[in-house]
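**Q** First the structure, which I've put down as structure tokens, then a few questions once you've had a look.
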Amino acid sequence: MTTPHPDAAIREGSASLGIELGSTRIKACLTTPDGRVIATGSHAWENQFVDGHWTYALEDVRAGVRAAYADLVSRIEADGGSRPGELAAIGVSAMMHGYLAFDAAGDLLVPFRTWRDVTTGPAAAELSDELDITIPLRWSVAHLAQAVRDGEEHVARVAHVTTLAGYVHELLTGVRALGIGDASGMFPIDSATGTYDADRLRRADAVLARRGAGHLSLTDILPEVRRAGEDAGRLTEAGARLLDPTGSLAPGALAAPPEGDAGTGMVATNAVTPRSGNVSAGTSIFGMVVLERPLARRHDDIDLVTTPAGDAVAMVHCNNGASETGAWVGVLREFAAAIGHPVAEDEAFAAFLAGALEPDADAGVLAYNHLSGEPVAGLSEGRPIVVRTPGSALTLAGLARAQVRGSFATLALGMRALHEEGVTIDEMRAHGGIFRTAGVAQRLLAAALGSDVVVGDQASEGGAWGMAVLAAYRAAVVGGESAPLADWIARTAFADETVARVTPSGDDIRDHDAYLATWEAGLEIERAAVTALPVTAEGDQA
């Protein structure tokens with residue numbers, strides 16, 4: 001493939017746009033046909049805790065997508081580039097799971113309930129037993145079944161349910177469909193058929209009927225499923241105006257199937273083939289491993305999802321990731337500013353993490369990063385805590401090491417089930433802001449997982465870039481490309497990739513195993529804190 005100059009790709013209409021709605025930032029990324037980044041834009045936003053549920057207002061969704069695109073365009077123009085007119089393809093990604101329920105007129109029935117909610121325990125447990133597969137608390141079907149169990153008034157009017165990516169995709173294209181990876185966070189997928197598991201759909205309908213919702217048919221209310229490269233519509237006139245009210249952006253761009261952030265994370269790290277995996281560390285943290293064979297039994301801490309191409313993936317999802325580490329860095333930046341030496345965020349992170357590899361710096365110090373409930377750790381609520389023994393030394397290096405190791409500890413707990421199953425992992429590819437400080441978090445993660453951890457130079461581009469690559473793949477397929485997704489991205493987007501690899505030593509792994517045993521026992525401190533420090537609303541002590 002001959003790749004046009006980045007600005008030429010805009011002028012020729014061959015660029016692809018990826019948009020990802022993350023937990024704290026909405027990002028837009030424009031690429032050449034082979035995935036080279038032309039420009040990025042972003043918009044900050046935050047979830048809210050309303051009436052017992054984590055949510056975002058849909059007007060903020062629409063405004064945020066528009067703002068992220070506007071920021072991207074302004075950066076292009078500031079660099080002397082052309083304002084996009086025609087695009088080859090677009091794609092939307094968002095945080096997975098959650099619950100967006102609409103009536104037949106398309107009106108939202110209850111505020112969006114996000115992946116962060118842990119209010120669906122009884123329904124998730126019942127479905128897991130009935131379907132003989134783990135149904136996590138955050139999955140869309142668990143939210144729907146819990147609303148049925150609770151007798152919520154809106155259930156009688158549910159006409160369709162979707163995810164955040166599916167909602168935005170429909171705004172832009174008018175098509176109600178999901179990429180198979182995102183769909184696998186709504187309901188179990190049969191990788192052989194490329195859609196929802198038909199037998200489990202029947203059994204789930206029976207559960208809903210027993211609970212008084214016999215009028216619901218999951219086949220009718222769930223979105224259609226598409227694999228990477230398949231048809232998911234085109235950008236409509238209304239969709240183009242939503243993104244660009246100036247009228248400069250033309251409709252007609254091919255649309256990739258909308259995906260979840262897990263799927264775009266796999267693409268962004270080139271971890272879509274069996275025995276490969278990736279770790280995405282942000283507000284949440286999750287590990288994904290593409291499976292060679294089915295797991296022998298059900299595991300409460302393992303979700304079964306898919307790659308954007310439909311291959312089976314074992315996923316360990318933790319609700320709490322690097323946010324608490326970021327909060328501590330924020331405190332240090334405040335202190336630096338207070339004494340007249342303000343520092344940039346990346347500089348502050350680098351200074352904070354510099355000592356985190358110092359052996360035994362965190363001896364006697366434990367950190368828990370749980371801002372919200374954490375099913376893998378058995379926590380219905382979270383309380384961020386730093387605790388230490390009286391004789392321990394409280395140092396910057398020790399605090400940093402405790403924070404980083406604590407942010408990976410829950411993931412390490414969940415990954416134990418894969419080790420017990422004998423799942424082979426050649427390497428785990430990592431991405432997320434915490435890995436921008438070279439080598440530090442990467443080495444501690446390798447010790448936590450007991451496997452090689454690779455950070456590529458493309459990984460920092462993140463999920464919006466991964467979604468743009470999926471959009472470019474859709475355009476390539478329409479142009480005659482026949483190669484599978486994994487082969488295509490390897491020879492295009494990752495053709496010139498350079499990587500940094502860390503292999504943990506035996507001493508590193510043994511040290512982490514001992515640390516994890518102490519950290520796991522210390523979860524009793526967390527449970528006591530939840531009881532002793534109740535909150536009436538997020539951040540408000542009762």
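In the structure tokens, each chain is lettered A, B, ... as it comes, each chain's residues begin at 1, and ligands are numbered from 1 in order of appearance.
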Residues within 12 Å of Leu366 in chain A, please, as an NGL selection string. Count only C-alpha atoms; anything in the same chain fewer than 5 positions from it doesn't count.
**A** :A and (360-361 or 384-389 or 392-394 or 398-407 or 409 or 515-523 or 525-526)
**Q** Write to file, as a compact mmCIF listing (two decimals), in the first residue's frame, the residues of the selection just made, with C-alpha atoms.
**A**
```
# COMPACT_ATOMS: atom_id res chain seq x y z
CA ASP A 360 11.43 -3.19 50.04
CA ALA A 361 10.64 0.54 49.85
CA PRO A 384 -9.15 4.37 49.10
CA ILE A 385 -6.68 3.67 51.91
CA VAL A 386 -2.98 3.83 52.69
CA VAL A 387 -2.09 1.90 55.84
CA ARG A 388 1.27 1.06 57.37
CA THR A 389 2.79 -0.60 60.38
CA SER A 392 7.61 1.17 58.62
CA ALA A 393 9.25 4.08 56.86
CA LEU A 394 6.95 6.41 54.95
CA GLY A 398 7.57 3.50 49.30
CA LEU A 399 4.32 5.35 48.70
CA ALA A 400 4.78 5.14 44.93
CA ARG A 401 5.63 1.42 45.04
CA ALA A 402 2.63 0.69 47.28
CA GLN A 403 0.28 2.63 45.00
CA VAL A 404 1.40 0.95 41.80
CA ARG A 405 1.51 -2.55 43.27
CA GLY A 406 -1.87 -1.97 44.90
CA SER A 407 -3.39 -0.88 41.59
CA ALA A 409 -3.08 -6.45 42.94
CA TYR A 515 3.35 -9.21 48.82
CA LEU A 516 0.01 -10.30 47.31
CA ALA A 517 -0.69 -12.67 50.21
CA THR A 518 -0.23 -9.78 52.66
CA TRP A 519 -2.28 -7.42 50.49
CA GLU A 520 -5.13 -9.94 50.15
CA ALA A 521 -5.27 -10.46 53.92
CA GLY A 522 -5.38 -6.69 54.32
CA LEU A 523 -8.66 -6.49 52.40
CA ILE A 525 -9.13 -3.31 56.47
CA GLU A 526 -11.12 -2.22 53.40
```
**Q** Contacts of Ala123 in chain A at 9 Å or less, counting only C-alpha atoms, minus same-chain residues fewer than 2 places along, as a list in words?
**A**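 Close residues of Ala123 in chain A: Thr120, Gly121, Ala125, Glu126, Leu127, Ser128, Ile135, Leu137, Val141, Ala142, His143, Leu144, Ala145, Gln146, Ala147, Val148 and Arg149 of chain A.
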**Q** For CA of Ala9 in chain A and CA of Pro33 in chain A, determine how far apart the two atoms are, in Å to one decimal place.
**A**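 According to the coordinates, CA of Ala9 in chain A and CA of Pro33 in chain A are separated by 7.8 Å.
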**Q** Find, counting only C-alpha atoms, the residue in A:Pro84, A:Ile76, A:Asp426, A:Asp103 that gets nearest to Arg275 in chain A.
**A**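 Nearest candidate to Arg275 in chain A out of A:Pro84, A:Ile76, A:Asp426, A:Asp103: A:Asp426.
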**Q** Nearest to Phe349 in chain A among A:Val329, A:Glu334, A:Thr55, A:Ala447, with distances taken over only C-alpha atoms: which residue is it?
**A**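 Between A:Val329, A:Glu334, A:Thr55, A:Ala447, the residue approaching Phe349 in chain A most closely is A:Val329.
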**Q** As a ChimeraX atom specification, list the residues of range 212-361 of chain A assigned to strand (DSSP E) by DSSP on the backbone atoms of this structure.
**A** /A:224-226,254-255,259-260,276-281,285-290,303-306,312-318
